[in-house]
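Here is the structure we will look at, set down as structure tokens.
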Amino acid sequence: MGFRSPLGRALGLGSARSGFAHWWGQRLSAAALVPLGLWFMVSVMGLPSTDYWAVSAWAGSPLHAVLLVLLLASLLYHSNLGLRVVIEDYVHGATKVVTLVLVQFLHMLLAVAGVYAIVALSAGGQ
Amino acid sequence: MTTRQANRPLSPHLGVYRWQISNTLSIFHRLTGVAMSLGALVLTGWIVSIAAGPDAYLDLVDALGSPPGVLALAGWTLCFFYHLCNGVRHLFWDAGKGFEIPEARRSGIMVVVTSTLLTLVFWIAILAGRWS
């Protein structure tokens, strides 16, 4: 009957019901990044120049600001999940925990700084 | 503890596999993902620099316009298109499609060809736009 270990059967515990979240979050953000990533590439390709005023007007326009926030959020979420797996595979012991925490903090910092910058650009009317 | 761990069976390590298209592309998926995490740092820095004003923005754009900067941008473009195409291949696998070995090999070759072409088209469009 099934794949449970004798210990698992004796303890009578099921899964923690959280194993699916990482896998699903990775797929969901991947699916979101297909259109968002392609939009970003095409949109950047269409910029007339790297001139400051042209680029800041582009990033601050309502449509682009909303899409940029969505792009950054999905990208950093996806990157955090991906790096977590890589770190869990190759880093061990206490270094693993420290690295995971630092990576998580860095992603949070980037997300907050990026979203703040987009909102400031959009609202501040550079 | 250490001696007991030493006797336990190890999961197969990279070193025991023969290099072939499937495992090579799988490793590249991970490598390009890690490279783009670094790219996400630069992308966020770029957005923050726009909000910080022309001076900060121009410093970053100058750095990215230098030969090593352009090389990094070109590398990230290839990483993006590769990870995108191979990611879609993964999503098809998740849906239970394309597992047969000949199919997986064909989709792998398609990923390499498509991502290379998309990178070339992207850079030709950028360069054509700059000098037109």
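Every chain in the structure tokens takes a letter, A first, then B, and so on in the order presented; its residues are numbered from 1, and the ligands are numbered from 1 following the presented order.
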### Query
Any idea what's packed within 10 Å of Ser22 in chain B, counting only C-alpha atoms, ignoring anything in its chain fewer than 3 positions away? Could you give it as number ranges by chain?
B: 19, 25-27, 101, 104-105, 107-109
### Message
If we count only C-alpha atoms and set the cut-off at 10 Å, which residues sit around Leu43 in chain B, ignoring sequence neighbours fewer than 5 positions away in its own chain? Please answer as a PyMOL selection string.
### Response
(chain A and resi 72+110+114) or (chain B and resi 36-38+48-49)
What does the file look like for those residues with N, CA and C atoms, as a PDB file, in the first residue's frame?
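Contents of again_36.pdb, freshly written:
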ATOM      1  N   LEU A  72       8.975  43.377 -12.822  1.00  0.00           N
ATOM      2  CA  LEU A  72       9.940  43.286 -11.717  1.00  0.00           C
ATOM      3  C   LEU A  72       9.463  42.301 -10.653  1.00  0.00           C
ATOM      4  N   LEU A 110      15.564  44.648  -3.798  1.00  0.00           N
ATOM      5  CA  LEU A 110      15.466  45.038  -5.203  1.00  0.00           C
ATOM      6  C   LEU A 110      14.014  45.309  -5.588  1.00  0.00           C
ATOM      7  N   GLY A 114      12.882  48.929  -6.715  1.00  0.00           N
ATOM      8  CA  GLY A 114      12.429  49.033  -8.103  1.00  0.00           C
ATOM      9  C   GLY A 114      11.018  49.584  -8.193  1.00  0.00           C
TER      10      GLY A 114
ATOM     11  N   MET B  36      20.889  35.456 -15.282  1.00  0.00           N
ATOM     12  CA  MET B  36      19.850  36.476 -15.370  1.00  0.00           C
ATOM     13  C   MET B  36      19.433  37.010 -14.007  1.00  0.00           C
ATOM     14  N   SER B  37      19.697  36.261 -12.933  1.00  0.00           N
ATOM     15  CA  SER B  37      19.467  36.815 -11.597  1.00  0.00           C
ATOM     16  C   SER B  37      20.387  38.014 -11.395  1.00  0.00           C
ATOM     17  N   LEU B  38      21.607  37.892 -11.922  1.00  0.00           N
ATOM     18  CA  LEU B  38      22.535  39.020 -11.891  1.00  0.00           C
ATOM     19  C   LEU B  38      22.009  40.135 -12.791  1.00  0.00           C
ATOM     20  N   VAL B  48      16.117  52.199 -11.067  1.00  0.00           N
ATOM     21  CA  VAL B  48      16.372  53.103  -9.942  1.00  0.00           C
ATOM     22  C   VAL B  48      17.177  54.319 -10.418  1.00  0.00           C
ATOM     23  N   SER B  49      18.124  54.090 -11.347  1.00  0.00           N
ATOM     24  CA  SER B  49      18.947  55.197 -11.826  1.00  0.00           C
ATOM     25  C   SER B  49      18.119  56.208 -12.616  1.00  0.00           C
TER      26      SER B  49
END
Q) Please, which residues of chain A lie no more than 9 Å from chain B when the count uses only C-alpha atoms, and can they be set out as a PyMOL selection string? A) chain A and resi 27+30-31+33-34+37+41-42+44-53+55-56+59+72+75-76+79-80+82-83+86+107+110-111+113-118+120-121+126
Taking N, CA and C atoms for each residue, export the selection above as a short mmCIF file (atom, residue, chain, number, x, y, z; two decimals), in the first residue's frame.
data_model
loop_
_atom_site.label_atom_id
_atom_site.label_comp_id
_atom_site.auth_asym_id
_atom_site.auth_seq_id
_atom_site.Cartn_x
_atom_site.Cartn_y
_atom_site.Cartn_z
N ARG A 27 6.19 27.93 -11.76
CA ARG A 27 5.49 27.80 -13.06
C ARG A 27 4.62 29.01 -13.35
N ALA A 30 6.72 31.88 -14.24
CA ALA A 30 7.28 31.62 -15.57
C ALA A 30 6.26 31.98 -16.64
N ALA A 31 5.01 31.54 -16.43
CA ALA A 31 3.96 31.83 -17.41
C ALA A 31 3.74 33.33 -17.52
N LEU A 33 5.98 35.62 -16.99
CA LEU A 33 7.17 36.25 -17.56
C LEU A 33 7.26 36.08 -19.08
N VAL A 34 6.53 35.12 -19.65
CA VAL A 34 6.59 34.98 -21.11
C VAL A 34 6.08 36.26 -21.78
N GLY A 37 8.19 39.48 -20.31
CA GLY A 37 9.57 39.54 -20.80
C GLY A 37 9.62 39.94 -22.26
N MET A 41 11.36 43.35 -23.93
CA MET A 41 12.37 43.32 -24.98
C MET A 41 11.93 44.13 -26.19
N VAL A 42 10.67 43.92 -26.62
CA VAL A 42 10.17 44.64 -27.80
C VAL A 42 10.09 46.14 -27.50
N VAL A 44 11.85 47.91 -25.29
CA VAL A 44 13.19 48.49 -25.23
C VAL A 44 13.79 48.63 -26.62
N MET A 45 13.49 47.62 -27.47
CA MET A 45 13.96 47.63 -28.85
C MET A 45 13.38 48.84 -29.58
N GLY A 46 12.15 49.25 -29.20
CA GLY A 46 11.48 50.34 -29.88
C GLY A 46 11.84 51.73 -29.36
N LEU A 47 12.62 51.78 -28.26
CA LEU A 47 13.02 53.10 -27.74
C LEU A 47 13.85 53.83 -28.79
N PRO A 48 13.52 55.12 -29.03
CA PRO A 48 14.23 55.84 -30.09
C PRO A 48 15.72 56.03 -29.76
N SER A 49 16.05 56.20 -28.46
CA SER A 49 17.45 56.40 -28.08
C SER A 49 17.58 56.11 -26.60
N THR A 50 18.82 56.23 -26.09
CA THR A 50 19.02 56.03 -24.66
C THR A 50 18.98 57.39 -23.94
N ASP A 51 18.50 58.42 -24.64
CA ASP A 51 18.37 59.76 -24.06
C ASP A 51 17.56 59.73 -22.77
N TYR A 52 18.04 60.46 -21.75
CA TYR A 52 17.41 60.39 -20.42
C TYR A 52 15.93 60.74 -20.46
N TRP A 53 15.57 61.82 -21.15
CA TRP A 53 14.18 62.30 -21.09
C TRP A 53 13.25 61.33 -21.82
N VAL A 55 13.75 58.06 -22.10
CA VAL A 55 13.63 56.83 -21.31
C VAL A 55 12.79 57.07 -20.06
N SER A 56 12.96 58.22 -19.40
CA SER A 56 12.19 58.46 -18.18
C SER A 56 10.71 58.67 -18.51
N ALA A 59 9.38 55.09 -19.08
CA ALA A 59 9.19 54.30 -17.86
C ALA A 59 8.08 54.86 -16.98
N LEU A 72 8.98 43.38 -12.82
CA LEU A 72 9.94 43.29 -11.72
C LEU A 72 9.46 42.30 -10.65
N LEU A 75 9.65 38.75 -12.05
CA LEU A 75 11.05 38.39 -12.31
C LEU A 75 11.79 38.10 -11.01
N LEU A 76 11.64 38.98 -10.01
CA LEU A 76 12.38 38.80 -8.77
C LEU A 76 11.82 37.62 -7.96
N SER A 79 13.22 34.61 -9.79
CA SER A 79 14.66 34.54 -9.55
C SER A 79 14.94 34.02 -8.14
N ASN A 80 14.16 34.49 -7.17
CA ASN A 80 14.34 34.04 -5.79
C ASN A 80 14.07 32.54 -5.66
N GLY A 82 14.21 30.30 -8.06
CA GLY A 82 15.22 29.56 -8.83
C GLY A 82 16.54 29.49 -8.08
N LEU A 83 17.00 30.63 -7.57
CA LEU A 83 18.28 30.64 -6.86
C LEU A 83 18.21 29.77 -5.60
N VAL A 86 19.03 26.27 -6.55
CA VAL A 86 20.46 26.14 -6.86
C VAL A 86 21.28 26.13 -5.58
N HIS A 107 16.57 40.08 -2.82
CA HIS A 107 15.44 40.13 -3.75
C HIS A 107 14.36 41.08 -3.24
N LEU A 110 15.56 44.65 -3.80
CA LEU A 110 15.47 45.04 -5.20
C LEU A 110 14.01 45.31 -5.59
N ALA A 111 13.11 44.45 -5.12
CA ALA A 111 11.70 44.61 -5.48
C ALA A 111 11.16 45.93 -4.94
N ALA A 113 12.88 48.64 -3.92
CA ALA A 113 13.56 49.78 -4.54
C ALA A 113 13.05 50.00 -5.96
N GLY A 114 12.88 48.93 -6.72
CA GLY A 114 12.43 49.03 -8.10
C GLY A 114 11.02 49.58 -8.19
N VAL A 115 10.12 49.04 -7.38
CA VAL A 115 8.73 49.49 -7.42
C VAL A 115 8.63 50.95 -6.96
N TYR A 116 9.40 51.29 -5.90
CA TYR A 116 9.40 52.68 -5.42
C TYR A 116 9.87 53.63 -6.54
N ALA A 117 10.93 53.23 -7.25
CA ALA A 117 11.47 54.07 -8.32
C ALA A 117 10.44 54.27 -9.43
N ILE A 118 9.73 53.21 -9.79
CA ILE A 118 8.74 53.32 -10.88
C ILE A 118 7.59 54.24 -10.45
N ALA A 120 7.74 56.60 -8.16
CA ALA A 120 8.26 57.97 -8.08
C ALA A 120 8.34 58.60 -9.46
N LEU A 121 8.83 57.82 -10.45
CA LEU A 121 8.95 58.32 -11.83
C LEU A 121 7.58 58.68 -12.39
N GLN A 126 8.99 63.50 -13.86
CA GLN A 126 10.38 63.94 -14.09
C GLN A 126 10.48 64.83 -15.33
#
### DSSP helix (DSSP H, G or I) residues within chain B, as a PyMOL selection string
chain B and resi 2-7+14-16+21-52+54-65+67-94+101-130
Saved selection, atoms kept: C-alpha atoms, as a compact mmCIF listing (two decimals), in the first residue's frame:
# COMPACT_ATOMS: atom_id res chain seq x y z
CA THR B 2 30.26 11.33 8.95
CA THR B 3 31.13 7.64 8.56
CA ARG B 4 27.48 6.69 8.30
CA GLN B 5 26.90 9.35 5.66
CA ALA B 6 29.90 8.08 3.71
CA ASN B 7 28.29 4.64 3.38
CA LEU B 14 27.17 15.36 -12.92
CA GLY B 15 30.46 13.57 -13.50
CA VAL B 16 28.92 10.16 -14.22
CA ILE B 21 21.89 17.34 -25.81
CA SER B 22 19.30 16.75 -23.07
CA ASN B 23 21.55 17.17 -20.03
CA THR B 24 23.62 19.93 -21.68
CA LEU B 25 20.49 22.00 -22.34
CA SER B 26 19.25 21.32 -18.81
CA ILE B 27 22.50 22.62 -17.30
CA PHE B 28 22.35 25.67 -19.58
CA HIS B 29 18.83 26.37 -18.32
CA ARG B 30 20.18 26.64 -14.81
CA LEU B 31 23.29 28.61 -15.82
CA THR B 32 21.29 31.13 -17.86
CA GLY B 33 18.85 31.47 -14.95
CA VAL B 34 21.65 32.28 -12.50
CA ALA B 35 23.19 34.72 -15.00
CA MET B 36 19.85 36.48 -15.37
CA SER B 37 19.47 36.82 -11.60
CA LEU B 38 22.53 39.02 -11.89
CA GLY B 39 20.82 40.70 -14.85
CA ALA B 40 17.77 41.38 -12.64
CA LEU B 41 20.09 43.29 -10.31
CA VAL B 42 21.29 45.45 -13.22
CA LEU B 43 17.74 45.88 -14.57
CA THR B 44 16.54 47.11 -11.18
CA GLY B 45 19.61 49.36 -10.92
CA TRP B 46 18.75 50.81 -14.34
CA ILE B 47 15.17 51.61 -13.25
CA VAL B 48 16.37 53.10 -9.94
CA SER B 49 18.95 55.20 -11.83
CA ILE B 50 16.20 56.67 -14.04
CA ALA B 51 14.32 57.77 -10.92
CA ALA B 52 17.57 59.07 -9.38
CA PRO B 54 20.11 62.19 -15.39
CA ASP B 55 23.56 61.99 -13.75
CA ALA B 56 23.09 58.55 -12.19
CA TYR B 57 21.32 57.34 -15.33
CA LEU B 58 24.09 58.49 -17.67
CA ASP B 59 26.80 56.91 -15.48
CA LEU B 60 25.05 53.54 -15.72
CA VAL B 61 24.29 53.88 -19.45
CA ASP B 62 27.95 54.79 -20.11
CA ALA B 63 29.08 51.70 -18.18
CA LEU B 64 26.63 49.50 -20.10
CA GLY B 65 27.73 51.10 -23.39
CA PRO B 67 32.74 47.09 -24.61
CA PRO B 68 32.43 44.83 -21.51
CA GLY B 69 28.97 46.32 -20.87
CA VAL B 70 27.76 45.59 -24.40
CA LEU B 71 29.20 42.08 -24.16
CA ALA B 72 27.28 41.52 -20.90
CA LEU B 73 24.06 42.89 -22.43
CA ALA B 74 24.48 40.63 -25.47
CA GLY B 75 25.09 37.67 -23.15
CA TRP B 76 21.98 38.47 -21.10
CA THR B 77 19.92 38.74 -24.30
CA LEU B 78 21.00 35.25 -25.35
CA CYS B 79 20.36 33.97 -21.79
CA PHE B 80 16.88 35.56 -21.87
CA PHE B 81 15.81 34.04 -25.19
CA TYR B 82 17.33 30.65 -24.33
CA HIS B 83 15.72 30.49 -20.87
CA LEU B 84 12.42 31.69 -22.38
CA CYS B 85 12.35 29.04 -25.14
CA ASN B 86 13.60 26.24 -22.91
CA GLY B 87 11.20 27.39 -20.18
CA VAL B 88 8.27 26.99 -22.58
CA ARG B 89 9.67 23.51 -23.37
CA HIS B 90 9.60 22.79 -19.61
CA LEU B 91 5.98 24.00 -19.35
CA PHE B 92 5.01 21.54 -22.12
CA TRP B 93 6.72 18.75 -20.15
CA ASP B 94 4.81 19.85 -17.04
CA ILE B 101 13.28 10.89 -26.58
CA PRO B 102 13.10 11.84 -30.30
CA GLU B 103 10.58 14.59 -29.46
CA ALA B 104 12.67 15.92 -26.58
CA ARG B 105 15.75 15.96 -28.81
CA ARG B 106 13.87 17.76 -31.58
CA SER B 107 12.44 20.37 -29.18
CA GLY B 108 15.93 20.84 -27.73
CA ILE B 109 17.41 21.61 -31.14
CA MET B 110 14.44 23.92 -31.82
CA VAL B 111 15.20 25.81 -28.58
CA VAL B 112 18.85 26.36 -29.55
CA VAL B 113 18.01 27.50 -33.09
CA THR B 114 15.08 29.73 -32.06
CA SER B 115 16.90 31.44 -29.19
CA THR B 116 19.95 32.14 -31.37
CA LEU B 117 17.75 33.59 -34.14
CA LEU B 118 15.73 35.75 -31.71
CA THR B 119 18.96 37.12 -30.20
CA LEU B 120 20.28 38.00 -33.66
CA VAL B 121 16.99 39.63 -34.71
CA PHE B 122 16.92 41.63 -31.46
CA TRP B 123 20.43 43.01 -31.90
CA ILE B 124 20.03 43.69 -35.63
CA ALA B 125 16.85 45.67 -34.81
CA ILE B 126 18.64 47.62 -32.04
CA LEU B 127 21.67 48.43 -34.19
CA ALA B 128 19.53 49.29 -37.23
CA GLY B 129 17.47 51.66 -35.05
CA ARG B 130 20.59 53.38 -33.72
